[in-house]
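Asks: My file is data-v5.txt. It has compact mmCIF, C-alpha atoms:
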# COMPACT_ATOMS: atom_id res chain seq x y z
CA MET A 1 0.00 0.00 0.00
CA THR A 2 1.29 3.44 -0.88
CA GLY A 3 0.03 6.94 -0.22
CA SER A 4 -1.15 7.02 -3.81
CA SER A 5 -3.22 3.84 -3.63
CA SER A 6 -6.69 4.37 -5.04
CA ASP A 7 -9.75 4.26 -2.82
CA ALA A 8 -10.81 1.04 -4.55
CA GLU A 9 -7.45 -0.59 -3.75
CA LEU A 10 -7.62 0.62 -0.17
CA ILE A 11 -11.12 -0.69 0.51
CA THR A 12 -10.12 -4.08 -0.90
CA LEU A 13 -7.25 -4.11 1.57
CA VAL A 14 -9.59 -3.09 4.40
CA VAL A 15 -11.92 -6.01 3.62
CA ALA A 16 -8.85 -8.26 3.80
CA GLY A 17 -8.14 -6.87 7.28
CA ASP A 18 -5.49 -4.26 6.51
CA ARG A 19 -5.76 -1.62 9.22
CA PRO A 20 -3.28 0.92 7.82
CA ALA A 21 -5.42 0.98 4.66
CA PHE A 22 -8.41 1.98 6.74
CA ASP A 23 -6.38 4.69 8.47
CA GLN A 24 -5.50 6.03 5.05
CA ILE A 25 -9.15 6.06 3.96
CA MET A 26 -10.02 7.94 7.13
CA ARG A 27 -7.27 10.49 6.55
CA ARG A 28 -8.52 11.07 3.02
CA HIS A 29 -12.15 11.61 3.88
CA GLU A 30 -12.41 12.63 7.53
CA ASP A 31 -12.32 16.38 6.99
CA ARG A 32 -15.05 16.36 4.40
CA VAL A 33 -17.20 13.91 6.35
CA PHE A 34 -16.83 16.13 9.40
CA SER A 35 -17.62 19.22 7.33
CA VAL A 36 -20.82 17.68 5.93
CA CYS A 37 -21.87 16.55 9.41
CA LEU A 38 -21.11 19.92 10.98
CA ARG A 39 -23.20 21.76 8.37
CA ILE A 40 -26.11 19.35 8.73
CA LEU A 41 -26.04 19.00 12.51
CA ALA A 42 -24.89 22.54 13.38
CA ASP A 43 -23.13 21.24 16.46
CA ARG A 44 -19.45 20.40 16.62
CA GLU A 45 -19.72 17.70 19.25
CA GLN A 46 -22.55 15.96 17.44
CA ALA A 47 -20.63 16.28 14.18
CA LEU A 48 -17.62 14.59 15.79
CA ASP A 49 -19.85 11.77 17.03
CA ALA A 50 -21.41 11.41 13.59
CA THR A 51 -17.97 11.36 11.95
CA GLN A 52 -16.86 8.60 14.28
CA GLU A 53 -20.06 6.63 13.71
CA THR A 54 -19.68 7.06 9.96
CA PHE A 55 -16.19 5.55 9.87
CA LEU A 56 -17.21 2.72 12.20
CA THR A 57 -19.99 1.91 9.75
CA VAL A 58 -17.60 2.17 6.81
CA PHE A 59 -15.26 -0.34 8.45
CA ARG A 60 -18.03 -2.70 9.52
CA LYS A 61 -19.78 -2.61 6.16
CA ALA A 62 -16.68 -2.43 3.97
CA SER A 63 -17.48 -5.82 2.47
CA GLN A 64 -20.84 -4.45 1.32
CA PHE A 65 -19.21 -1.79 -0.84
CA LYS A 66 -19.83 -2.95 -4.39
CA GLY A 67 -17.90 -0.24 -6.20
CA LYS A 68 -20.99 0.94 -8.08
CA SER A 69 -20.09 4.49 -7.05
CA ALA A 70 -16.91 6.15 -5.86
CA LEU A 71 -15.90 5.16 -2.33
CA GLY A 72 -16.14 8.81 -1.29
CA THR A 73 -19.74 8.99 -2.48
CA TRP A 74 -20.57 5.87 -0.50
CA ILE A 75 -18.88 7.28 2.59
CA TYR A 76 -20.72 10.62 2.32
CA ARG A 77 -23.94 8.75 1.91
CA ILE A 78 -23.28 6.89 5.14
CA ALA A 79 -22.36 10.22 6.75
CA VAL A 80 -25.62 11.89 5.68
CA ASN A 81 -27.69 8.92 6.86
CA THR A 82 -25.81 8.91 10.16
CA CYS A 83 -26.57 12.61 10.59
CA TYR A 84 -30.25 12.00 9.79
CA ASP A 85 -30.22 9.29 12.45
CA GLN A 86 -28.72 11.67 14.98
CA LEU A 87 -31.26 14.35 14.13
CA ARG A 88 -34.06 11.86 14.59
CA LYS A 89 -32.70 10.71 17.94
CA ALA A 90 -32.15 14.31 19.04
CA LYS A 91 -35.70 15.18 18.04
CA ARG A 92 -37.00 12.29 20.08
CA ARG A 93 -35.15 13.21 23.24
CA ARG A 94 -35.10 16.98 22.75
CA THR A 95 -36.49 18.92 25.65
CA SER A 96 -34.94 22.23 24.65
CA PRO A 97 -34.12 23.63 21.22
CA LEU A 98 -30.82 22.79 19.58
CA PRO A 99 -28.21 25.47 20.13
CA GLU A 100 -28.39 28.05 17.41
CA HIS A 101 -24.68 28.57 17.31
CA VAL A 102 -21.86 26.14 16.89
CA ASP A 103 -20.37 25.11 20.17
CA PRO A 104 -16.77 23.91 19.90
CA ALA A 105 -16.31 20.60 21.69
CA ASP A 106 -12.69 21.19 22.37
CA PRO A 107 -11.98 24.91 22.53
CA ALA A 108 -8.35 24.34 23.48
CA ALA A 109 -7.76 22.47 20.31
CA GLU A 110 -9.51 24.94 18.10
CA ASP A 111 -7.38 26.92 15.78
CA ALA A 112 -9.00 29.85 14.04
CA VAL A 113 -12.29 28.67 15.56
CA GLU A 114 -13.56 26.69 12.65
CA SER A 115 -17.01 26.65 14.14
CA ALA A 116 -17.18 30.21 12.89
CA ALA A 117 -16.71 28.95 9.36
CA LEU A 118 -20.32 29.93 8.76
CA ARG A 119 -21.76 33.11 10.13
CA PRO A 120 -23.88 32.33 13.18
CA GLU A 121 -27.05 33.63 11.53
CA LEU A 122 -26.37 31.43 8.52
CA VAL A 123 -25.87 28.42 10.81
CA ALA A 124 -29.12 29.22 12.59
CA ALA A 125 -30.94 29.69 9.28
CA LEU A 126 -29.59 26.43 7.88
CA ASP A 127 -30.65 24.68 11.07
CA ALA A 128 -34.20 25.93 10.50
CA VAL A 129 -34.36 24.54 6.97
CA PRO A 130 -35.91 21.05 6.80
CA ARG A 131 -33.32 18.34 6.79
CA ASP A 132 -33.69 17.10 3.20
CA PHE A 133 -33.36 20.60 1.77
CA ARG A 134 -30.52 21.45 4.15
CA ALA A 135 -28.51 18.40 3.13
CA ALA A 136 -28.98 19.18 -0.56
CA VAL A 137 -27.93 22.81 -0.13
CA VAL A 138 -24.92 21.88 2.03
CA LEU A 139 -23.66 19.29 -0.44
CA SER A 140 -24.20 21.56 -3.42
CA ASP A 141 -23.30 25.05 -2.27
CA ILE A 142 -20.86 24.43 0.56
CA GLU A 143 -19.23 21.15 -0.37
CA GLY A 144 -19.39 21.89 -4.09
CA MET A 145 -20.61 18.46 -5.14
CA SER A 146 -22.15 18.00 -8.58
CA MET A 147 -25.85 17.22 -8.93
CA PRO A 148 -25.23 13.61 -10.06
CA GLU A 149 -22.88 13.12 -7.10
CA ILE A 150 -25.47 14.50 -4.66
CA SER A 151 -28.07 12.31 -6.30
CA GLU A 152 -25.98 9.26 -5.40
CA VAL A 153 -25.26 10.46 -1.88
CA LEU A 154 -28.92 11.21 -1.11
CA GLY A 155 -30.32 8.32 -3.12
CA VAL A 156 -32.79 10.48 -5.04
CA PRO A 157 -33.00 11.41 -8.74
CA VAL A 158 -31.03 14.40 -10.06
CA GLY A 159 -34.28 16.28 -10.71
CA THR A 160 -35.23 15.92 -7.06
CA VAL A 161 -31.79 17.14 -5.98
CA LYS A 162 -32.11 20.24 -8.18
CA SER A 163 -35.53 20.96 -6.78
CA ARG A 164 -34.35 20.51 -3.18
CA VAL A 165 -31.33 22.75 -3.71
CA PHE A 166 -33.43 25.43 -5.37
CA ARG A 167 -36.16 25.36 -2.76
CA GLY A 168 -33.62 24.98 0.05
CA ARG A 169 -31.96 28.23 -0.97
CA ARG A 170 -35.35 29.95 -0.98
CA LEU A 171 -36.10 28.69 2.49
CA LEU A 172 -32.66 29.76 3.63
CA ALA A 173 -33.16 33.23 2.19
CA LYS A 174 -36.50 33.44 3.92
CA GLU A 175 -34.91 32.41 7.22
CA LEU A 176 -32.20 34.98 6.78
CA GLY A 177 -34.84 37.60 6.20
CA ASN A 178 -33.38 38.25 2.84
CA HIS A 179 -36.01 40.67 1.70
CA ALA A 180 -34.42 41.33 -1.61
CA GLY A 181 -36.70 39.25 -3.75
CA HIS A 182 -38.84 38.17 -0.80
CA ARG A 183 -42.04 39.40 -2.45
CA SER A 184 -41.31 37.58 -5.62
CA ILE A 185 -40.42 34.41 -3.69
CA GLN A 186 -43.88 34.46 -2.15
CA ASP A 187 -45.41 35.11 -5.58
CA MET A 188 -43.56 32.22 -7.11
CA SER A 189 -44.14 29.64 -4.44
CA GLU A 190 -46.44 27.70 -6.76
CA PRO A 191 -45.11 28.08 -10.31
CA GLU A 192 -47.45 27.24 -13.13
CA GLN A 193 -46.71 23.97 -14.85
CA MET B 194 -45.13 38.45 -15.95
CA LYS B 195 -45.88 35.05 -14.52
CA MET B 196 -43.10 32.54 -14.13
CA HIS B 197 -43.50 28.97 -15.31
CA LYS B 198 -41.90 25.77 -14.11
CA HIS B 199 -39.53 25.67 -17.09
CA ASP B 200 -38.50 29.27 -16.32
CA LEU B 201 -37.63 28.22 -12.78
CA ASP B 202 -35.55 25.33 -14.09
CA LEU B 203 -33.76 27.68 -16.46
CA ILE B 204 -33.07 30.20 -13.71
CA ALA B 205 -31.89 27.45 -11.37
CA ASP B 206 -29.37 26.22 -13.94
CA PHE B 207 -28.36 29.78 -14.79
CA ALA B 208 -27.76 30.62 -11.12
CA GLN B 209 -25.89 27.37 -10.66
CA GLY B 210 -23.67 28.23 -13.62
CA THR B 211 -24.33 24.96 -15.38
CA LEU B 212 -25.85 26.31 -18.62
CA ASP B 213 -23.86 25.96 -21.82
CA GLU B 214 -25.96 28.55 -23.55
CA THR B 215 -26.84 31.47 -21.30
CA ALA B 216 -28.41 33.95 -23.71
CA THR B 217 -31.98 32.70 -23.25
CA ALA B 218 -31.74 32.71 -19.47
CA ALA B 219 -30.06 36.11 -19.41
CA SER B 220 -32.82 37.51 -21.59
CA LEU B 221 -35.49 36.03 -19.32
CA VAL B 222 -33.87 37.53 -16.24
CA GLU B 223 -33.56 40.85 -18.04
CA ARG B 224 -37.21 41.21 -19.06
CA CYS B 225 -38.98 39.48 -16.16
CA GLU B 226 -38.81 41.22 -12.79
CA VAL B 227 -39.93 38.19 -10.81
CA CYS B 228 -37.39 36.03 -12.61
CA ARG B 229 -34.65 38.54 -11.89
CA ALA B 230 -35.52 38.63 -8.18
CA GLU B 231 -35.43 34.85 -8.05
CA PHE B 232 -32.12 34.71 -9.90
CA GLU B 233 -30.56 37.33 -7.62
CA MET B 234 -31.78 35.58 -4.49
CA GLN B 235 -30.38 32.26 -5.70
CA ARG B 236 -27.03 33.84 -6.63
CA SER B 237 -26.89 35.61 -3.29
CA MET B 238 -27.41 32.36 -1.38
CA ILE B 239 -24.87 30.51 -3.52
CA GLU B 240 -22.27 33.20 -2.89
CA SER B 241 -22.96 33.35 0.85
CA LEU B 242 -22.61 29.61 1.22
CA ALA B 243 -19.64 29.26 -1.12
CA SER B 244 -17.72 31.89 0.82
CA ALA B 245 -17.75 29.70 3.93
CA PRO B 246 -14.19 28.70 4.75
CA ALA B 247 -13.38 25.00 4.63
CA VAL B 248 -13.89 23.11 7.86
CA HIS B 249 -11.12 20.90 9.18
CA LEU B 250 -10.72 18.69 12.18
CA SER B 251 -7.92 19.86 14.46
CA GLU B 252 -4.93 17.54 14.85
CA HIS B 253 -6.10 16.84 18.39
CA GLU B 254 -9.57 15.88 17.17
CA LYS B 255 -8.13 13.68 14.43
CA ALA B 256 -5.96 11.84 16.91
CA ALA B 257 -8.92 11.36 19.26
CA LEU B 258 -11.12 10.21 16.37
CA HIS B 259 -8.64 7.56 15.23
CA ARG B 260 -8.02 6.40 18.80
CA ASP B 261 -11.75 6.13 19.61
CA ILE B 262 -12.54 4.32 16.37
CA TRP B 263 -9.85 1.70 16.89
CA THR B 264 -10.87 1.26 20.53
CA GLU B 265 -14.44 0.63 19.41
CA LEU B 266 -13.37 -1.73 16.64
CA ARG B 267 -11.15 -3.68 19.01
CA SER B 268 -14.05 -4.06 21.41
CA ASP B 269 -16.10 -5.34 18.44
CA THR B 270 -13.47 -8.00 17.89
CA ALA B 271 -13.42 -8.87 21.57
CA ALA B 272 -17.21 -9.09 21.62
CA THR B 273 -17.37 -11.34 18.56
CA ALA B 274 -14.59 -13.66 19.74
CA PRO B 275 -16.75 -15.55 22.28
CA SER B 276 -19.56 -15.88 19.77
CA ARG B 277 -17.12 -17.42 17.34
CA SER B 278 -16.05 -19.95 19.93
CA GLY B 279 -19.76 -20.33 20.68
CA SER B 280 -20.46 -21.22 17.10
CA TRP B 281 -17.56 -23.66 17.16
CA SER B 282 -19.03 -25.31 20.24
CA ILE B 283 -22.36 -25.52 18.42
CA TRP B 284 -20.64 -27.23 15.51
CA ALA B 285 -18.84 -29.52 17.94
CA ALA B 286 -22.19 -30.45 19.51
CA VAL B 287 -23.76 -31.00 16.07
CA GLY B 288 -20.74 -33.13 15.11
CA SER B 289 -21.04 -35.22 18.28
CA ALA B 290 -24.76 -35.71 17.69
CA ALA B 291 -24.06 -36.80 14.11
CA VAL B 292 -21.44 -39.34 15.30
CA LEU B 293 -23.88 -40.63 17.92
CA LEU B 294 -26.65 -41.00 15.34
CA LEU B 295 -24.28 -42.74 12.99
CA PHE B 296 -23.28 -45.10 15.77
CA VAL B 297 -26.91 -45.82 16.65
CA GLY B 298 -27.70 -46.32 12.99
CA VAL B 299 -24.81 -48.73 12.50
CA LEU B 300 -25.87 -50.58 15.65
CA GLY B 301 -29.39 -50.80 14.25
CA VAL B 302 -28.07 -52.20 10.98
CA PHE B 303 -26.03 -54.80 12.82
CA ASN B 304 -29.06 -55.68 14.92
CA GLY B 305 -31.02 -56.02 11.69
CA ILE B 306 -28.33 -58.25 10.21
CA GLY B 307 -28.28 -60.26 13.40
CA GLY B 308 -32.08 -60.64 13.23
CA SER B 309 -32.09 -61.81 9.66
CA GLY B 310 -29.19 -64.12 10.47
CA ASP B 311 -31.47 -65.90 12.98
CA ALA B 312 -33.82 -66.98 10.23
CA ALA B 313 -34.45 -70.31 12.00
CA GLU B 314 -35.91 -68.57 14.99
CA PRO B 315 -39.64 -68.16 15.18
CA THR B 316 -40.84 -65.06 13.48
CA GLU B 317 -42.37 -63.73 16.69
CA GLU B 318 -39.11 -64.27 18.57
CA ALA B 319 -37.27 -62.74 15.72
CA ALA B 320 -39.81 -60.01 15.79
CA SER B 321 -39.26 -59.48 19.46
CA PRO B 322 -35.69 -58.23 19.33
CA LEU B 323 -36.55 -56.54 16.15
CA GLN B 324 -39.41 -54.91 17.96
CA GLY B 325 -36.99 -54.08 20.74
CA GLY B 326 -34.64 -52.77 18.15
CA THR B 327 -37.45 -50.76 16.74
CA ASP B 328 -38.20 -49.48 20.23
CA ASP B 329 -34.56 -48.61 20.60
CA SER B 330 -34.51 -46.95 17.31
CA ALA B 331 -37.74 -45.27 18.28
CA GLY B 332 -35.79 -44.09 21.26
CA ALA B 333 -33.02 -43.11 18.96
CA ASP B 334 -35.55 -41.48 16.71
CA GLY B 335 -36.90 -39.84 19.80
CA GLU B 336 -33.48 -38.47 20.43
CA ALA B 337 -33.19 -37.61 16.81
CA ALA B 338 -36.60 -36.01 17.06
CA ASP B 339 -35.36 -34.13 20.08
CA THR B 340 -32.37 -32.95 18.19
CA THR B 341 -34.46 -32.13 15.16
CA THR B 342 -37.02 -30.21 17.18
CA PRO B 343 -34.65 -27.34 17.71
CA ALA B 344 -33.47 -27.90 14.19
CA ALA B 345 -37.05 -27.42 13.04
CA ALA B 346 -37.14 -24.24 15.03
CA ASP B 347 -33.80 -23.52 13.49
CA GLY B 348 -35.55 -24.00 10.19
CA ASP B 349 -36.59 -20.40 10.69
CA PHE B 350 -32.89 -19.57 11.01
CA PHE B 351 -32.27 -20.88 7.59
CA GLY B 352 -35.35 -19.18 6.23
CA PHE B 353 -33.13 -16.12 6.03
CA VAL B 354 -30.68 -15.42 3.29
CA SER B 355 -28.28 -12.94 4.77
CA SER B 356 -25.25 -11.12 3.46
CA GLN B 357 -24.04 -11.13 7.04
CA SER B 358 -23.03 -14.13 9.04
CA GLU B 359 -25.91 -13.90 11.47
CA PRO B 360 -29.04 -15.44 9.95
CA ASP B 361 -30.04 -16.63 13.43
CA ALA B 362 -30.01 -13.06 14.67
CA PHE B 363 -32.30 -12.03 11.83
CA ALA B 364 -34.61 -14.96 12.52
CA ASN B 365 -34.82 -13.90 16.15
CA LEU B 366 -35.40 -10.35 15.09
CA ALA B 367 -38.16 -11.43 12.73
CA GLY B 368 -39.75 -13.25 15.66
CA GLN B 369 -39.69 -10.10 17.76
CA VAL B 370 -41.10 -8.07 14.89
CA ARG B 371 -44.00 -10.50 14.47
CA GLU B 372 -44.73 -10.42 18.20
CA ARG B 373 -44.86 -6.65 18.05
CA LEU B 374 -47.11 -6.80 15.00
CA ALA B 375 -49.39 -9.14 16.87
CA ASP B 376 -49.71 -6.77 19.82
CA GLN B 377 -50.02 -3.88 17.34
CA THR B 378 -47.05 -1.89 18.59
CA LEU B 379 -45.65 -1.92 15.07
CA SER B 380 -47.32 -0.63 11.96
CA THR B 381 -46.78 0.55 8.44
CA PRO B 382 -46.42 4.35 8.28
CA ASP B 383 -49.71 6.17 8.09
CA THR B 384 -49.43 9.14 10.40
CA ALA B 385 -48.01 12.61 9.87
CA ASP B 386 -45.49 12.04 12.65
CA THR B 387 -43.81 9.30 10.72
CA ASP B 388 -43.88 10.98 7.32
CA GLU B 389 -40.30 12.12 7.52
CA MET B 390 -39.07 8.73 8.66
CA ALA B 391 -41.19 7.02 6.06
CA ARG B 392 -39.81 9.20 3.29
CA GLN B 393 -36.26 8.45 4.31
CA GLY B 394 -37.09 4.78 4.54
CA ASP B 395 -38.80 4.79 1.17
CA ALA B 396 -35.81 6.48 -0.47
CA CYS B 397 -33.57 3.82 1.03
CA LEU B 398 -35.87 1.02 -0.12
CA ARG B 399 -35.98 2.44 -3.66
CA ASP B 400 -32.23 2.43 -3.70
CA ALA B 401 -32.18 -1.14 -2.47
CA GLY B 402 -34.48 -2.07 -5.38
CA LEU B 403 -37.47 -2.56 -3.10
CA ASP B 404 -39.84 -0.03 -4.67
CA ASP B 405 -42.80 -2.32 -4.04
CA HIS B 406 -42.06 -2.53 -0.30
CA SER B 407 -42.90 -0.31 2.62
CA THR B 408 -41.17 0.00 5.98
CA LEU B 409 -42.50 -0.90 9.38
CA VAL B 410 -42.30 1.85 11.97
CA GLY B 411 -42.11 1.74 15.73
CA PHE B 412 -39.40 -0.90 16.07
CA GLU B 413 -36.73 0.87 18.07
CA ASP B 414 -34.64 -2.15 19.04
CA ARG B 415 -32.56 -2.00 15.87
CA THR B 416 -32.55 1.55 14.62
CA ASP B 417 -29.73 0.67 12.22
CA LEU B 418 -32.13 -1.45 10.17
CA LEU B 419 -35.18 -0.80 8.07
CA ILE B 420 -37.75 -3.56 8.16
CA ALA B 421 -39.47 -3.86 4.81
CA LEU B 422 -42.40 -5.89 3.64
CA PRO B 423 -44.24 -6.08 0.31
CA LYS B 424 -46.92 -3.42 -0.04
CA GLY B 425 -50.47 -4.67 0.29
CA GLU B 426 -49.52 -7.91 2.01
CA ASP B 427 -50.54 -8.89 5.51
CA PRO B 428 -47.65 -7.71 7.74
CA ARG B 429 -48.16 -10.69 10.04
CA THR B 430 -47.41 -13.22 7.32
CA ALA B 431 -45.50 -11.33 4.63
CA PRO B 432 -41.80 -12.16 4.24
CA LEU B 433 -39.59 -9.58 5.90
CA THR B 434 -36.55 -7.95 4.40
CA PHE B 435 -33.96 -6.17 6.51
CA VAL B 436 -32.13 -3.23 4.98
CA ASP B 437 -29.11 -1.48 6.44
CA ARG B 438 -30.31 2.05 7.09
CA SER B 439 -26.88 3.63 6.62
CA THR B 440 -25.88 1.95 3.36
CA CYS B 441 -29.38 1.11 2.04
CA GLU B 442 -28.16 -2.41 1.28
CA VAL B 443 -30.35 -5.46 1.79
CA VAL B 444 -28.75 -7.49 4.59
CA ALA B 445 -31.26 -10.29 5.06
CA VAL B 446 -34.28 -11.63 3.21
CA GLU B 447 -36.82 -14.02 4.65
CA GLU B 448 -37.64 -16.81 2.26
Any chance you could give the structure as C-alpha cells?

Replies:
Amino acid sequence: MTGSSSDAELITLVVAGDRPAFDQIMRRHEDRVFSVCLRILADREQALDATQETFLTVFRKASQFKGKSALGTWIYRIAVNTCYDQLRKAKRRRTSPLPEHVDPADPAAEDAVESAALRPELVAALDAVPRDFRAAVVLSDIEGMSMPEISEVLGVPVGTVKSRVFRGRRLLAKELGNHAGHRSIQDMSEPEQ
Amino acid sequence: MKMHKHDLDLIADFAQGTLDETATAASLVERCEVCRAEFEMQRSMIESLASAPAVHLSEHEKAALHRDIWTELRSDTAATAPSRSGSWSIWAAVGSAAVLLLFVGVLGVFNGIGGSGDAAEPTEEAASPLQGGTDDSAGADGEAADTTTPAAADGDFFGFVSSQSEPDAFANLAGQVRERLADQTLSTPDTADTDEMARQGDACLRDAGLDDHSTLVGFEDRTDLLIALPKGEDPRTAPLTFVDRSTCEVVAVEE
C-alpha cells in the first residue's frame, strides 16, 4: 500500500483486514465527512460523534461496498444517513431547542475557531431549513458536489436534488430575512406547470 | 409576468452556472422582474454559502477520532470472539450428535443383520428383538426427534438469506417483529409524525431495489435497520426484508 493507492485498492485491503489501509481512507475523507456533518447538525460535538459513527460503519460494512459508485460517495452517503439518524434521535429526546450557534467541543484544540466557518445567523438559518433541503444545499453550495454526485449520496434522482437545492436556498433566504426578492419568492411559491 | 416551471428550471441552472448557452436565461432575467428577483436571491445564497471557509478537524480531534474508532473496533473484535467460539461449540455439539446418530444407525443395521441371520428362529421371537430394536430406534428417533425439534425451530434460522453471518439473529429479530405486529405496537407508516421517517425509509428502499415494499415503523430495538415488507400484504405473514439504514443495502431476506 502506498500513499497514492486508489480508494478502490484501499477498501479491498480493508476487507482483507489491513488496518493501515483503513487509516488512510479515514485520513482522506475525515475532513469532508466532518464538514458535511457539521453543516447538517450545526453542532461540533454531534458532528464529531457522527464522523466517528460514519467511519465505524464504513469499516463494519466495507465488504458491502460494491464499487458501483466512488468510495467517497458511499462514505458521504453513510455520513448523511448517520446525521439523519442523529437528528431523529435528538428530536426524540429533545427537551430544549438545539443550540443556534456552533459550540466547539474542544476549545483548546480549536485553531481559528472553525465553528465560525459559517456566520452564526447562517448556521441558525440552515438549522431551521428542513433536513432534506438542508442536506442538498450543504452538499451543493458548501461542499461543491455536482448534482449527479449529490443524487448518489442522497439516493434520489437528479431532478429531485435540483428541486431541493433550489427550494432549500429559498427557504434559507427566507430564514435569513433576505427581503431582496422576498415578495417575488412568495409570488412564485407555486409556479405554473 | 408570470413565471413557469420551465423558467424556474432555467433560472436554477443559470444561477448554478451549469448552462452551456446562457443567452436565453439572461434575456429572461432581463425582461422578467420576478425572474430577476429569483435569480438574484439564488445567486446571493450561492455566494454566501460558497464563501464559507473550509472546515477541518484539528490535529487533536483527528488523533482522538482515530483512537476512539480503533478502541471501538477492538471491542467489536473482543465481543465477537466468544460468539465465534460459541459457534464452534455448536458445531462440535452437532458433530457429536451426528457421530452418535451414525453409531446408533450402524448398531441398528447390525441388529437387523443379526435378526435376519437368525432366520431359523420363530418369526415372533425374531420379531421381538426386532421390535426391541425398533423401540430402541424409536428411542433413537426420539433423540433424533429431540435434536431435530430445535433444528425445526432452526428451520426459521435458515429461512433467512443474509449477506451477514448472522441469519439466526435475523430470525430472532423477525420473531420479535412478528410479536410486536401481533400486539399492534408496530405498523406501516400512516401518520403525519412518521412521514419524515417514512420518506427516508422509502428512499432507502428504492435504492435497495425494493420499490414495491414499505417499511415498518415503531421498532426501536434496531434503529440501524429498516424492516421492509411487500406493499399490500398482511404484515403478520408477509416475508420480511432487513435493509441497512446507513448503506441502504439489503442485509437479510426471509424466504

Asks: When you count all atoms listed in the file, which of these residues is closest to chain A: B:Ala257, B:Leu379, B:Val410, B:Ala431?

Replies: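 For chain A, the nearest of the candidates is B:Ala257.
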
Asks: What residues in chain B lie within 6 Å of chain A, counting all atoms listed in the file, written as a PyMOL selection string?

Replies: chain B and resi 197-198+227+230+239+242-243+245-246+248-250+439-440

Asks: For segment 4-9 of chain A, work out the shell of residues within 10 Å, counting all atoms listed in the file and skipping chain neighbours fewer than 5 positions away, then give it as a list of chain:residue names.

Replies: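 So the residues in contact are A:Val14, A:Ala21, A:Phe22, A:Gln24, A:Ile25, A:Arg28, A:Phe65, A:Lys66, A:Gly67, A:Ala70, A:Leu71, A:Gly72.
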
Asks: One decimal, in Å: what's the spacing between atom CA of Ala90 of chain A and atom CA of Phe412 of chain B?

Replies: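 Distance reported for this atom pair: 17.1 Å.
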
Asks: As an exercise, work out the distance from atom CA of Arg134 of chain A to atom CA of Glu254 of chain B in Å and give it to one decimal place.

Replies: 25.3 Å

Asks: For Ile40 of chain A, which of A:Val161, A:Glu121, A:Pro148, A:Gln86 is the closest residue, counting all atoms listed in the file?

Replies: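 The closest residue to Ile40 of chain A is A:Gln86.
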
Asks: Please, what distance in Å, to one decimal, runs between atom CA of Ala396 of chain B and atom CA of Ile204 of chain B?

Replies: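 Interatomic distance here is 27.3 Å.
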
Asks: Using the file's own x, y and z axes, so that the box edges lie along x, y and z, what centre and edge lengths in Å (one decimal) does a box around every listed atom of segment 223-239 of chain B get when 6 Å is added on each side? Give it as JSON.

Replies:
{"center_x": -32.4, "center_y": 35.9, "center_z": -10.2, "size_x": 27.1, "size_y": 22.7, "size_z": 29.7}

Asks: Of the candidates A:Pro120, A:Asp43, A:His29, A:Lys68, which shows the shortest atom-to-atom distance to Lys255 of chain B, using only C-alpha atoms?

Replies: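 Of A:Pro120, A:Asp43, A:His29, A:Lys68, the one nearest Lys255 of chain B, counting only C-alpha atoms, is A:His29.
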